[in-house]
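Have a look at protein-v8.cif below; it lists mmCIF, C-alpha atoms.
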data_start
#
loop_
_atom_site.label_atom_id
_atom_site.label_comp_id
_atom_site.auth_asym_id
_atom_site.auth_seq_id
_atom_site.Cartn_x
_atom_site.Cartn_y
_atom_site.Cartn_z
CA MET Z 625 -13.93 -21.04 -8.36
CA THR Z 626 -11.39 -19.00 -10.33
CA PRO Z 627 -8.34 -20.59 -12.01
CA THR Z 628 -6.18 -18.64 -9.57
CA LEU Z 629 -7.86 -20.03 -6.48
CA ASP Z 630 -8.05 -23.51 -8.00
CA ARG Z 631 -4.27 -23.44 -8.51
CA LEU Z 632 -3.60 -22.20 -4.98
CA ILE Z 633 -5.82 -24.88 -3.44
CA ALA Z 634 -4.22 -27.66 -5.46
CA SER Z 635 -0.67 -26.52 -4.69
CA THR Z 636 -0.98 -26.11 -0.92
CA THR Z 637 -2.66 -29.35 0.13
CA GLU Z 638 0.44 -30.37 2.11
CA VAL Z 639 0.66 -27.06 4.02
CA ASP Z 640 -1.13 -26.81 7.35
CA PRO Z 641 -3.41 -23.77 7.76
CA PRO Z 642 -3.54 -21.00 8.63
CA LEU Z 643 -1.62 -20.22 5.45
CA ALA Z 644 -1.31 -17.38 2.98
CA ALA Z 645 -0.86 -18.10 -0.72
CA LEU Z 646 -0.06 -15.84 -3.66
CA ASP Z 647 -0.58 -16.72 -7.31
CA LEU Z 648 2.49 -15.61 -9.26
CA PRO Z 649 0.92 -15.48 -12.76
CA THR Z 650 -1.90 -13.29 -11.42
CA LEU Z 651 0.55 -11.08 -9.54
CA ARG Z 652 2.59 -10.55 -12.71
CA ALA Z 653 -0.55 -9.84 -14.74
CA ASN Z 654 -1.66 -7.28 -12.14
CA ALA Z 655 1.79 -5.65 -12.21
CA ALA Z 656 1.63 -5.42 -16.00
CA ASP Z 657 -1.84 -3.89 -15.77
CA LEU Z 658 -0.63 -1.22 -13.35
CA VAL Z 659 2.14 -0.32 -15.79
CA ARG Z 660 -0.35 -0.23 -18.67
CA ARG Z 661 -2.74 2.00 -16.75
CA ALA Z 662 0.10 4.38 -15.87
CA GLY Z 663 0.53 5.06 -19.58
CA GLY Z 664 4.32 5.38 -19.59
CA THR Z 665 4.65 7.18 -16.27
CA PRO Z 666 6.96 5.22 -13.92
CA VAL Z 667 5.20 3.35 -11.12
CA ARG Z 668 6.63 3.49 -7.60
CA VAL Z 669 5.68 0.47 -5.49
CA ALA Z 670 3.95 1.21 -2.18
CA SER Z 671 5.63 -1.21 0.21
CA LYS Z 672 2.92 -0.98 2.89
CA SER Z 673 0.62 -2.74 0.43
CA VAL Z 674 3.18 -5.50 -0.17
CA ARG Z 675 5.28 -6.15 3.00
CA CYS Z 676 7.27 -8.92 1.38
CA ARG Z 677 10.70 -8.37 -0.21
CA ALA Z 678 10.27 -11.25 -2.64
CA VAL Z 679 7.19 -9.58 -4.12
CA LEU Z 680 8.99 -6.23 -4.34
CA GLN Z 681 11.70 -8.06 -6.28
CA VAL Z 682 9.15 -9.42 -8.73
CA CYS Z 683 8.18 -5.84 -9.61
CA LEU Z 684 11.53 -4.12 -9.33
CA GLY Z 685 14.09 -6.75 -10.30
CA GLU Z 686 16.42 -8.85 -8.21
CA LYS Z 687 18.44 -5.86 -6.99
CA LEU Z 688 15.41 -3.69 -6.25
CA THR Z 689 16.59 -1.10 -8.75
CA GLY Z 690 13.58 -0.92 -11.03
CA ALA Z 691 12.59 -2.40 -14.38
CA ASP Z 692 9.76 -2.63 -16.92
CA GLY Z 693 7.73 0.37 -15.83
CA PHE Z 694 8.39 0.18 -12.09
CA HIS Z 695 10.85 2.49 -10.44
CA GLY Z 696 11.56 2.85 -6.75
CA ILE Z 697 9.76 2.09 -3.52
CA MET Z 698 7.48 4.21 -1.37
CA ALA Z 699 8.15 3.09 2.21
CA TYR Z 700 5.92 3.71 5.21
CA SER Z 701 8.58 3.53 7.95
CA LEU Z 702 12.08 5.00 8.04
CA ARG Z 703 13.45 1.86 9.69
CA GLU Z 704 11.88 -0.10 6.85
CA ALA Z 705 13.42 2.28 4.29
CA ILE Z 706 16.86 1.83 5.87
CA TRP Z 707 16.45 -1.95 5.89
CA LEU Z 708 15.43 -2.00 2.23
CA ALA Z 709 18.28 0.32 1.27
CA ARG Z 710 20.78 -1.92 3.02
CA HIS Z 711 19.39 -4.78 0.95
CA GLY Z 712 20.01 -2.93 -2.30
CA ALA Z 713 17.09 -0.54 -2.83
CA SER Z 714 18.57 2.55 -4.47
CA ASP Z 715 15.49 4.82 -4.50
CA VAL Z 716 13.22 4.80 -1.45
CA LEU Z 717 10.74 7.62 -0.98
CA MET Z 718 9.10 7.91 2.41
CA GLY Z 719 5.33 8.11 2.08
CA TYR Z 720 4.91 9.74 5.48
CA PRO Z 721 6.86 11.93 7.89
CA THR Z 722 8.82 10.16 10.62
CA SER Z 723 9.37 10.88 14.30
CA ASP Z 724 11.79 8.00 14.85
CA ARG Z 725 14.87 9.59 16.43
CA GLY Z 726 17.00 6.46 16.28
CA ALA Z 727 16.30 5.89 12.61
CA LEU Z 728 16.98 9.55 11.78
CA ALA Z 729 20.31 9.37 13.60
CA GLU Z 730 21.21 6.23 11.63
CA LEU Z 731 20.22 7.88 8.36
CA SER Z 732 22.17 11.07 9.03
CA ALA Z 733 25.36 9.16 9.88
CA ASP Z 734 25.43 7.21 6.60
CA PRO Z 735 26.14 9.11 3.33
CA ASP Z 736 24.96 6.12 1.28
CA LEU Z 737 21.58 6.06 3.02
CA LEU Z 738 21.23 9.82 2.54
CA GLU Z 739 21.58 9.27 -1.22
CA ARG Z 740 19.10 6.40 -1.35
CA ILE Z 741 16.32 7.62 0.94
CA THR Z 742 14.08 10.69 0.57
CA LEU Z 743 12.25 11.93 3.67
CA MET Z 744 8.66 13.17 3.55
CA VAL Z 745 7.89 16.44 5.38
CA ASP Z 746 5.12 19.00 5.65
CA SER Z 747 6.10 21.37 8.49
CA GLU Z 748 9.04 23.34 9.89
CA ASP Z 749 8.63 21.49 13.19
CA GLN Z 750 9.55 18.31 11.35
CA LEU Z 751 12.66 19.94 9.91
CA ASP Z 752 13.77 21.00 13.40
CA PHE Z 753 13.03 17.49 14.68
CA VAL Z 754 15.19 15.89 11.96
CA LEU Z 755 18.15 18.12 12.78
CA ASP Z 756 17.75 17.57 16.50
CA ALA Z 757 17.59 13.79 16.07
CA ALA Z 758 20.65 13.92 13.82
CA GLY Z 759 22.51 16.02 16.40
CA THR Z 760 23.49 18.66 13.88
CA THR Z 761 22.52 22.12 12.71
CA THR Z 762 22.59 21.26 9.02
CA LEU Z 763 21.95 18.07 7.08
CA ARG Z 764 21.88 17.57 3.33
CA ALA Z 765 19.03 15.08 3.52
CA ARG Z 766 16.73 14.64 0.53
CA LEU Z 767 13.22 15.95 1.16
CA CYS Z 768 9.86 15.54 -0.55
CA ILE Z 769 7.03 17.85 0.50
CA ASP Z 770 3.62 16.33 1.14
CA VAL Z 771 0.93 18.65 -0.25
CA ASP Z 772 -2.75 18.37 0.66
CA ALA Z 773 -4.60 16.88 -2.31
CA SER Z 774 -8.09 16.79 -0.84
CA LEU Z 775 -11.10 18.46 -2.43
CA ARG Z 776 -12.54 21.51 -0.67
CA LEU Z 777 -16.10 22.55 -1.45
CA GLY Z 778 -16.71 25.51 0.82
CA PRO Z 779 -16.56 24.13 4.38
CA ILE Z 780 -16.70 20.54 3.11
CA HIS Z 781 -13.45 18.55 3.17
CA ILE Z 782 -13.42 15.45 0.92
CA GLY Z 783 -10.35 13.26 1.30
CA VAL Z 784 -7.91 12.31 4.03
CA ARG Z 785 -6.28 14.54 6.63
CA ARG Z 786 -2.59 14.64 5.78
CA SER Z 787 -0.51 17.71 5.08
CA PRO Z 788 -1.34 21.23 6.35
CA LEU Z 789 0.33 22.61 3.20
CA ARG Z 790 -2.03 23.29 0.32
CA GLU Z 791 -1.64 26.52 -1.63
CA PRO Z 792 1.29 27.24 -4.02
CA ALA Z 793 2.66 30.22 -2.08
CA GLU Z 794 2.80 28.42 1.28
CA VAL Z 795 4.37 25.29 -0.22
CA ALA Z 796 6.99 27.41 -2.00
CA ALA Z 797 7.74 29.34 1.20
CA PHE Z 798 8.22 26.08 3.08
CA ALA Z 799 10.51 24.72 0.34
CA LYS Z 800 12.57 27.90 0.46
CA ARG Z 801 12.90 27.61 4.24
CA ALA Z 802 14.01 23.97 4.01
CA ASP Z 803 16.54 24.85 1.32
CA LYS Z 804 18.03 27.63 3.45
CA MET Z 805 18.35 25.20 6.34
CA GLY Z 806 20.58 23.02 4.16
CA PHE Z 807 18.14 20.33 3.11
CA ALA Z 808 17.82 19.19 -0.52
CA VAL Z 809 14.22 19.65 -1.65
CA VAL Z 810 13.86 17.16 -4.50
CA GLY Z 811 10.14 16.56 -4.79
CA VAL Z 812 6.50 17.13 -3.95
CA MET Z 813 3.77 14.55 -3.41
CA PHE Z 814 0.01 14.72 -3.85
CA TYR Z 815 -2.07 11.75 -2.65
CA GLU Z 816 -5.66 12.17 -3.80
CA ALA Z 817 -7.29 9.56 -1.56
CA GLN Z 818 -10.78 10.72 -2.52
CA ILE Z 819 -10.02 9.51 -6.05
CA ALA Z 820 -7.59 6.62 -5.56
CA GLY Z 821 -9.17 5.10 -2.47
CA LEU Z 822 -12.89 5.42 -3.19
CA PRO Z 823 -14.87 2.82 -5.19
CA ASP Z 824 -16.91 3.97 -8.19
CA SER Z 825 -20.16 3.28 -6.38
CA SER Z 826 -22.49 5.96 -7.75
CA ARG Z 827 -22.86 8.92 -10.11
CA PRO Z 828 -22.22 11.45 -7.32
CA VAL Z 829 -18.93 9.70 -6.56
CA GLY Z 830 -18.01 9.83 -10.24
CA TRP Z 831 -18.82 13.52 -10.37
CA MET Z 832 -16.79 14.19 -7.24
CA LYS Z 833 -13.79 12.35 -8.67
CA LYS Z 834 -13.90 14.35 -11.91
CA ALA Z 835 -14.26 17.63 -10.03
CA SER Z 836 -11.41 16.73 -7.72
CA ALA Z 837 -9.11 15.68 -10.57
CA LYS Z 838 -9.75 18.97 -12.39
CA GLU Z 839 -9.10 21.11 -9.31
CA LEU Z 840 -6.00 19.19 -8.34
CA ALA Z 841 -4.46 19.28 -11.81
CA THR Z 842 -4.63 23.07 -11.81
CA ARG Z 843 -3.34 23.48 -8.25
CA ARG Z 844 -0.65 20.80 -8.62
CA SER Z 845 0.87 22.57 -11.61
CA ALA Z 846 0.84 25.87 -9.75
CA VAL Z 847 2.50 24.29 -6.71
CA VAL Z 848 5.24 22.69 -8.79
CA ASN Z 849 5.97 25.94 -10.60
CA ALA Z 850 6.07 27.90 -7.35
CA VAL Z 851 8.40 25.42 -5.64
CA GLN Z 852 10.71 25.16 -8.64
CA SER Z 853 11.03 28.94 -8.71
CA GLU Z 854 12.56 28.69 -5.22
CA VAL Z 855 14.66 25.51 -5.28
CA GLY Z 856 15.14 24.57 -8.94
CA VAL Z 857 13.86 21.67 -11.02
CA LEU Z 858 12.26 18.87 -8.98
CA GLU Z 859 13.20 15.22 -9.47
CA ILE Z 860 9.91 13.93 -8.08
CA VAL Z 861 6.31 14.97 -8.61
CA ASN Z 862 4.48 12.00 -7.14
CA SER Z 863 0.76 11.36 -7.26
CA GLY Z 864 -1.90 8.72 -7.47
CA GLY Z 865 -2.69 5.28 -6.17
CA THR Z 866 -4.02 2.00 -7.53
CA GLY Z 867 -7.47 3.48 -8.04
CA SER Z 868 -6.36 6.63 -9.87
CA LEU Z 869 -3.38 5.74 -12.09
CA GLU Z 870 -4.99 6.87 -15.33
CA ILE Z 871 -6.07 10.20 -13.86
CA SER Z 872 -2.76 11.03 -12.17
CA SER Z 873 -0.50 9.91 -15.02
CA ALA Z 874 -2.48 12.00 -17.51
CA ASP Z 875 -1.13 15.17 -15.88
CA PRO Z 876 2.14 16.08 -17.67
CA VAL Z 877 3.57 17.65 -14.51
CA VAL Z 878 3.48 14.27 -12.71
CA THR Z 879 6.79 12.39 -12.98
CA GLU Z 880 5.69 9.20 -11.20
CA VAL Z 881 2.66 7.47 -9.73
CA THR Z 882 2.44 5.12 -6.77
CA ALA Z 883 0.57 1.81 -6.54
CA GLY Z 884 0.69 -1.29 -4.40
CA SER Z 885 -2.75 -2.65 -3.57
CA GLY Z 886 -3.34 -3.44 -7.23
CA LEU Z 887 -0.72 -6.19 -7.02
CA TYR Z 888 -2.66 -8.32 -4.50
CA VAL Z 889 -6.15 -6.81 -5.16
CA PRO Z 890 -7.96 -7.10 -1.79
CA THR Z 891 -11.74 -6.91 -1.44
CA LEU Z 892 -11.82 -3.12 -1.02
CA PHE Z 893 -11.05 -2.84 -4.73
CA ASP Z 894 -13.85 -5.08 -5.98
CA ASP Z 895 -16.21 -2.21 -6.88
CA TYR Z 896 -13.80 -0.09 -8.94
CA ARG Z 897 -14.67 0.57 -12.58
CA ALA Z 898 -11.31 2.04 -13.61
CA PHE Z 899 -9.82 -1.46 -13.77
CA ARG Z 900 -10.88 -5.08 -13.57
CA PRO Z 901 -9.64 -6.66 -10.34
CA HIS Z 902 -7.90 -10.04 -10.39
CA PRO Z 903 -7.28 -11.19 -6.80
CA ALA Z 904 -3.85 -12.77 -6.31
CA LEU Z 905 -3.50 -13.18 -2.53
CA TYR Z 906 -5.67 -15.48 -0.40
CA PHE Z 907 -5.49 -17.17 2.97
CA ALA Z 908 -6.86 -20.50 4.22
CA LEU Z 909 -8.15 -21.59 7.61
CA ALA Z 910 -8.92 -25.13 8.80
CA THR Z 911 -12.12 -26.36 10.43
CA ALA Z 912 -11.50 -27.12 14.13
CA ARG Z 913 -15.00 -27.78 15.53
CA ARG Z 914 -18.68 -28.23 14.56
CA PRO Z 915 -20.88 -26.50 17.17
CA ALA Z 916 -24.04 -26.96 15.09
CA PRO Z 917 -25.07 -28.79 11.89
CA ASN Z 918 -24.98 -25.57 9.85
CA ILE Z 919 -21.90 -23.99 11.47
CA ALA Z 920 -18.21 -24.80 11.09
CA THR Z 921 -15.71 -23.10 13.36
CA LEU Z 922 -12.30 -22.34 11.85
CA PHE Z 923 -9.01 -21.81 13.65
CA GLY Z 924 -7.71 -18.20 13.43
CA GLY Z 925 -8.98 -15.58 11.03
CA GLY Z 926 -9.32 -12.36 13.03
CA TYR Z 927 -7.45 -10.35 10.42
CA ILE Z 928 -9.44 -7.12 10.51
CA ALA Z 929 -8.27 -4.36 8.18
CA SER Z 930 -7.52 -0.81 9.27
CA GLY Z 931 -9.85 2.09 8.59
CA PRO Z 932 -13.40 2.83 9.78
CA ALA Z 933 -14.85 -0.17 11.59
CA GLY Z 934 -17.50 -2.03 9.63
CA GLY Z 935 -18.33 -4.88 7.32
CA THR Z 936 -15.95 -3.73 4.59
CA ARG Z 937 -12.96 -4.37 6.86
CA VAL Z 938 -13.51 -8.06 7.61
CA PRO Z 939 -12.20 -11.05 5.61
CA LYS Z 940 -14.50 -12.49 2.96
CA PRO Z 941 -15.02 -16.27 2.61
CA MET Z 942 -14.44 -17.29 -1.01
CA TRP Z 943 -14.45 -21.11 -1.08
CA PRO Z 944 -16.45 -23.22 -0.59
CA SER Z 945 -18.98 -20.78 -1.99
CA GLY Z 946 -21.96 -19.60 -0.03
CA LEU Z 947 -20.27 -19.24 3.35
CA LYS Z 948 -20.59 -16.16 5.54
CA LEU Z 949 -19.43 -14.97 8.95
CA LEU Z 950 -21.72 -14.95 11.94
CA ARG Z 951 -22.96 -11.46 12.77
CA ASN Z 952 -22.40 -11.82 16.52
CA GLU Z 953 -18.89 -13.25 16.29
CA GLY Z 954 -17.35 -12.18 13.00
CA ALA Z 955 -13.71 -13.09 12.37
CA GLY Z 956 -12.25 -14.07 15.72
CA GLU Z 957 -8.90 -13.79 17.43
CA VAL Z 958 -8.60 -17.59 17.73
CA GLN Z 959 -11.69 -18.97 16.04
CA THR Z 960 -13.96 -17.88 13.20
CA PRO Z 961 -17.34 -19.59 12.78
CA VAL Z 962 -18.93 -19.64 9.34
CA THR Z 963 -22.39 -20.62 8.25
CA GLY Z 964 -24.20 -21.36 5.02
CA ARG Z 965 -25.11 -24.47 3.05
CA ALA Z 966 -21.47 -25.45 2.53
CA ALA Z 967 -20.80 -25.33 6.28
CA ALA Z 968 -22.68 -28.60 6.75
CA THR Z 969 -20.19 -30.36 4.46
CA LEU Z 970 -17.05 -29.21 6.27
CA GLY Z 971 -15.33 -31.83 8.40
CA ILE Z 972 -12.54 -31.37 10.92
CA GLY Z 973 -9.44 -30.21 9.03
CA ASP Z 974 -11.33 -29.09 5.91
CA ARG Z 975 -10.31 -25.68 4.63
CA VAL Z 976 -12.04 -22.42 3.91
CA TRP Z 977 -10.32 -19.86 1.70
CA PHE Z 978 -10.66 -16.11 2.28
CA ARG Z 979 -9.62 -12.79 0.84
CA HIS Z 980 -8.46 -9.94 3.05
CA ALA Z 981 -9.98 -6.46 2.92
CA LYS Z 982 -6.64 -4.63 2.51
CA ALA Z 983 -3.48 -5.66 0.74
CA GLY Z 984 -0.22 -5.78 2.67
CA GLU Z 985 -1.80 -5.88 6.13
CA LEU Z 986 -2.44 -9.61 5.74
CA CYS Z 987 1.33 -10.18 5.69
CA GLU Z 988 1.53 -8.92 9.27
CA ARG Z 989 -0.34 -12.10 10.26
CA PHE Z 990 1.91 -14.59 8.47
CA ALA Z 991 5.63 -15.30 8.66
CA GLU Z 992 5.64 -16.61 5.10
CA VAL Z 993 3.65 -16.54 1.90
CA HIS Z 994 3.46 -19.53 -0.42
CA ILE Z 995 4.04 -18.26 -3.95
CA VAL Z 996 2.52 -20.59 -6.56
CA ASP Z 997 3.64 -20.52 -10.20
CA ALA Z 998 1.69 -21.45 -13.32
CA ASP Z 999 2.92 -25.05 -13.23
CA GLY Z 1000 1.75 -25.48 -9.64
CA SER Z 1001 5.21 -25.31 -8.11
CA ARG Z 1002 5.28 -23.68 -4.70
CA THR Z 1003 7.93 -21.53 -2.99
CA ALA Z 1004 7.65 -20.25 0.56
CA VAL Z 1005 9.05 -16.73 1.00
CA PRO Z 1006 9.23 -14.67 4.19
CA THR Z 1007 7.09 -11.63 4.81
CA TYR Z 1008 8.52 -8.64 6.66
CA ARG Z 1009 7.36 -10.37 9.86
CA GLY Z 1010 8.98 -13.59 8.75
CA GLU Z 1011 12.28 -11.73 8.44
CA GLY Z 1012 11.85 -10.56 12.02
CA HIS Z 1013 10.52 -7.06 11.35
CA CYS Z 1014 7.37 -5.25 12.40
CA PHE Z 1015 7.61 -1.64 11.26
CA GLY Z 1016 4.19 -0.57 12.49
#
Kindly return the structure encoded in the file as structure tokens.
Amino acid sequence: MTPTLDRLIASTTEVDPPLAALDLPTLRANAADLVRRAGGTPVRVASKSVRCRAVLQVCLGEKLTGADGFHGIMAYSLREAIWLARHGASDVLMGYPTSDRGALAELSADPDLLERITLMVDSEDQLDFVLDAAGTTTLRARLCIDVDASLRLGPIHIGVRRSPLREPAEVAAFAKRADKMGFAVVGVMFYEAQIAGLPDSSRPVGWMKKASAKELATRRSAVVNAVQSEVGVLEIVNSGGTGSLEISSADPVVTEVTAGSGLYVPTLFDDYRAFRPHPALYFALATARRPAPNIATLFGGGYIASGPAGGTRVPKPMWPSGLKLLRNEGAGEVQTPVTGRAAATLGIGDRVWFRHAKAGELCERFAEVHIVDADGSRTAVPTYRGEGHCFG
């Protein structure tokens, strides 16, 4: 058992499971490590990997304005961005385009929100949609252009499917069009998922990451130069993720990097070599029945992570050690059976502690997170869901 998990177990004995617990010293150490790995480049916090305002405040300061290497939030929903801005966030960059008409109308009607929030776009159809939702023919909204950062090797596409914009000339032409329509083009973003989101599992993966970083550095610089020739100096050149901070921040054209999963460190990051993971967020379930001598059935637990279905997306039992999920049942909607030598020792009400596969998604399952400090003191703070919000 790690000191982190030992502290969480000792500090939550009076809390009935299911419960989620976050170790504050580990969270702060992880935040400091993200800043260190960014090498002086400001780190924007990816809110989808956090989904708890109290944790955002730990990184960004009580007024969500940024401090000690962190600067700004990357939101995943425009309604979320508006909510955060109304709670004091002064710099919110959308990580994705939006098709939320109501939220766009609210944004366009509020000059303060227009200053605080930057929309993400990658097509002229989106520009027309924004204006239509706003009910106007011109809107001085801040825009960041999402540029495809995948690796292309002939017909092979390595990376995620995001923006249709890729080459410098087409990105510049799009920026020029947006500028003529009255928008303020303030940035470009490159998310290299094939580097940031892929574990260092083999030599071929390492080779691919190096090849991708080299290609992207050349193309990213060309894109920035082309766009700036049309709309002027950009405020934002965003890149990276928890798994690629060193690579992205090494490019002098990059003005900021984004990270979020590295704060909680879910199981998907256990096999990375770029940094040493220190898990901070866990959840506990209680034993509710004993269907067999070597099986204990826990209440709850079906917290399956997004992405391709498979074993990497299910929760991982951490304590007592030696437990595993049943192949035919897995983590269930209401009950989760576990087996292994330790299962025979679990009585009704005894707890099993897990880690989730992805970071912020766990917070969608809990109304609160119990934050535990170094002295064992415990504070319950609401998640987004606990504050009455589900942004998707």
Please work out which residues fall within 12 Å of (12.0, 0.8, -8.0), coordinates as given in the file, with all atoms listed in the file counting, and return them as a tab-separated table (two decimals) with C-alpha atoms, in the coordinates of the input.
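Output below, filename selection_22.tsv:
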chain	number	residue	atom	x	y	z
Z	666	PRO	CA	6.96	5.22	-13.92
Z	667	VAL	CA	5.20	3.35	-11.12
Z	668	ARG	CA	6.63	3.49	-7.60
Z	669	VAL	CA	5.68	0.47	-5.49
Z	670	ALA	CA	3.95	1.21	-2.18
Z	671	SER	CA	5.63	-1.21	0.21
Z	680	LEU	CA	8.99	-6.23	-4.34
Z	681	GLN	CA	11.70	-8.06	-6.28
Z	682	VAL	CA	9.15	-9.42	-8.73
Z	683	CYS	CA	8.18	-5.84	-9.61
Z	684	LEU	CA	11.53	-4.12	-9.33
Z	685	GLY	CA	14.09	-6.75	-10.30
Z	686	GLU	CA	16.42	-8.85	-8.21
Z	687	LYS	CA	18.44	-5.86	-6.99
Z	688	LEU	CA	15.41	-3.69	-6.25
Z	689	THR	CA	16.59	-1.10	-8.75
Z	690	GLY	CA	13.58	-0.92	-11.03
Z	691	ALA	CA	12.59	-2.40	-14.38
Z	692	ASP	CA	9.76	-2.63	-16.92
Z	693	GLY	CA	7.73	0.37	-15.83
Z	694	PHE	CA	8.39	0.18	-12.09
Z	695	HIS	CA	10.85	2.49	-10.44
Z	696	GLY	CA	11.56	2.85	-6.75
Z	697	ILE	CA	9.76	2.09	-3.52
Z	698	MET	CA	7.48	4.21	-1.37
Z	699	ALA	CA	8.15	3.09	2.21
Z	708	LEU	CA	15.43	-2.00	2.23
Z	709	ALA	CA	18.28	0.32	1.27
Z	712	GLY	CA	20.01	-2.93	-2.30
Z	713	ALA	CA	17.09	-0.54	-2.83
Z	714	SER	CA	18.57	2.55	-4.47
Z	715	ASP	CA	15.49	4.82	-4.50
Z	716	VAL	CA	13.22	4.80	-1.45
Z	717	LEU	CA	10.74	7.62	-0.98
Z	740	ARG	CA	19.10	6.40	-1.35
Z	880	GLU	CA	5.69	9.20	-11.20
Z	881	VAL	CA	2.66	7.47	-9.73
Z	882	THR	CA	2.44	5.12	-6.77
Z	883	ALA	CA	0.57	1.81	-6.54
Ground truth for the PyMOL selection byres ((chain Z and resi 861) around 7), written as a short mmCIF file (atom, residue, chain, number, x, y, z; two decimals) with C-alpha atoms, in the frame of the given file:
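The result, written out as expr.cif:
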data_model
loop_
_atom_site.label_atom_id
_atom_site.label_comp_id
_atom_site.auth_asym_id
_atom_site.auth_seq_id
_atom_site.Cartn_x
_atom_site.Cartn_y
_atom_site.Cartn_z
CA GLY Z 811 10.14 16.56 -4.79
CA VAL Z 812 6.50 17.13 -3.95
CA MET Z 813 3.77 14.55 -3.41
CA GLU Z 859 13.20 15.22 -9.47
CA ILE Z 860 9.91 13.93 -8.08
CA ASN Z 862 4.48 12.00 -7.14
CA SER Z 863 0.76 11.36 -7.26
CA VAL Z 878 3.48 14.27 -12.71
CA THR Z 879 6.79 12.39 -12.98
CA GLU Z 880 5.69 9.20 -11.20
#
Which residues fall under the PyMOL selection byres ((chain Z and resi 997) around 9) in this file, as a list in words?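 Listing what the PyMOL selection byres ((chain Z and resi 997) around 9) selects in the shown file: Arg631, Leu646, Asp647, Leu648, Pro649, Ile995, Val996, Ala998, Asp999, Gly1000, Ser1001, Arg1002 and Thr1003 of chain Z.
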My list of candidates is Z:Ser853, Z:Thr891, Z:Thr963, Z:Thr665. Which is closest to Z:Leu922 when distances are computed with all atoms listed in the file?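 Looking at the shortest contact to Z:Leu922, the residue is Z:Thr963.
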Minimum-distance residue to Z:Phe899, chosen among Z:Ala797, Z:Val809, Z:Ala662, Z:Leu950 (using all atoms listed in the file):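 Using all atoms listed in the file, Z:Phe899 sits closest to Z:Ala662.
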One-decimal distance in Å that lies between atom CA of Z:Arg843 and atom CA of Z:Glu791: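 Interatomic distance, atom CA of Z:Glu791 to atom CA of Z:Arg843: 7.5 Å.
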For the file shown, report as a compact mmCIF listing (two decimals) with C-alpha atoms, in the frame of the given file the outcome of the PyMOL selection byres ((chain Z and resi 771) around 7) at residue level.
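What follows is the written file out-v3.txt:
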# COMPACT_ATOMS: atom_id res chain seq x y z
CA ILE Z 769 7.03 17.85 0.50
CA ASP Z 770 3.62 16.33 1.14
CA ASP Z 772 -2.75 18.37 0.66
CA ALA Z 773 -4.60 16.88 -2.31
CA SER Z 787 -0.51 17.71 5.08
CA LEU Z 789 0.33 22.61 3.20
CA ARG Z 790 -2.03 23.29 0.32
CA VAL Z 812 6.50 17.13 -3.95
CA MET Z 813 3.77 14.55 -3.41
CA PHE Z 814 0.01 14.72 -3.85
List the neighbours of Z:Lys838 out to 12 Å using all atoms listed in the file; skip same-chain residues closer than 3 positions along the sequence, and give me the result as a PDB file with C-alpha atoms, in the frame of the given file.
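Heads up, here's the output in out_15.pdb:
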ATOM      1  CA  ALA Z 773      -4.600  16.880  -2.310  1.00  0.00           C
ATOM      2  CA  SER Z 774      -8.090  16.790  -0.840  1.00  0.00           C
ATOM      3  CA  LEU Z 775     -11.100  18.460  -2.430  1.00  0.00           C
ATOM      4  CA  GLU Z 816      -5.660  12.170  -3.800  1.00  0.00           C
ATOM      5  CA  ILE Z 819     -10.020   9.510  -6.050  1.00  0.00           C
ATOM      6  CA  TRP Z 831     -18.820  13.520 -10.370  1.00  0.00           C
ATOM      7  CA  MET Z 832     -16.790  14.190  -7.240  1.00  0.00           C
ATOM      8  CA  LYS Z 833     -13.790  12.350  -8.670  1.00  0.00           C
ATOM      9  CA  LYS Z 834     -13.900  14.350 -11.910  1.00  0.00           C
ATOM     10  CA  ALA Z 835     -14.260  17.630 -10.030  1.00  0.00           C
ATOM     11  CA  ALA Z 841      -4.460  19.280 -11.810  1.00  0.00           C
ATOM     12  CA  THR Z 842      -4.630  23.070 -11.810  1.00  0.00           C
ATOM     13  CA  ARG Z 843      -3.340  23.480  -8.250  1.00  0.00           C
ATOM     14  CA  ARG Z 844      -0.650  20.800  -8.620  1.00  0.00           C
ATOM     15  CA  SER Z 845       0.870  22.570 -11.610  1.00  0.00           C
ATOM     16  CA  ILE Z 871      -6.070  10.200 -13.860  1.00  0.00           C
ATOM     17  CA  SER Z 872      -2.760  11.030 -12.170  1.00  0.00           C
ATOM     18  CA  ALA Z 874      -2.480  12.000 -17.510  1.00  0.00           C
ATOM     19  CA  ASP Z 875      -1.130  15.170 -15.880  1.00  0.00           C
TER      20      ASP Z 875
END
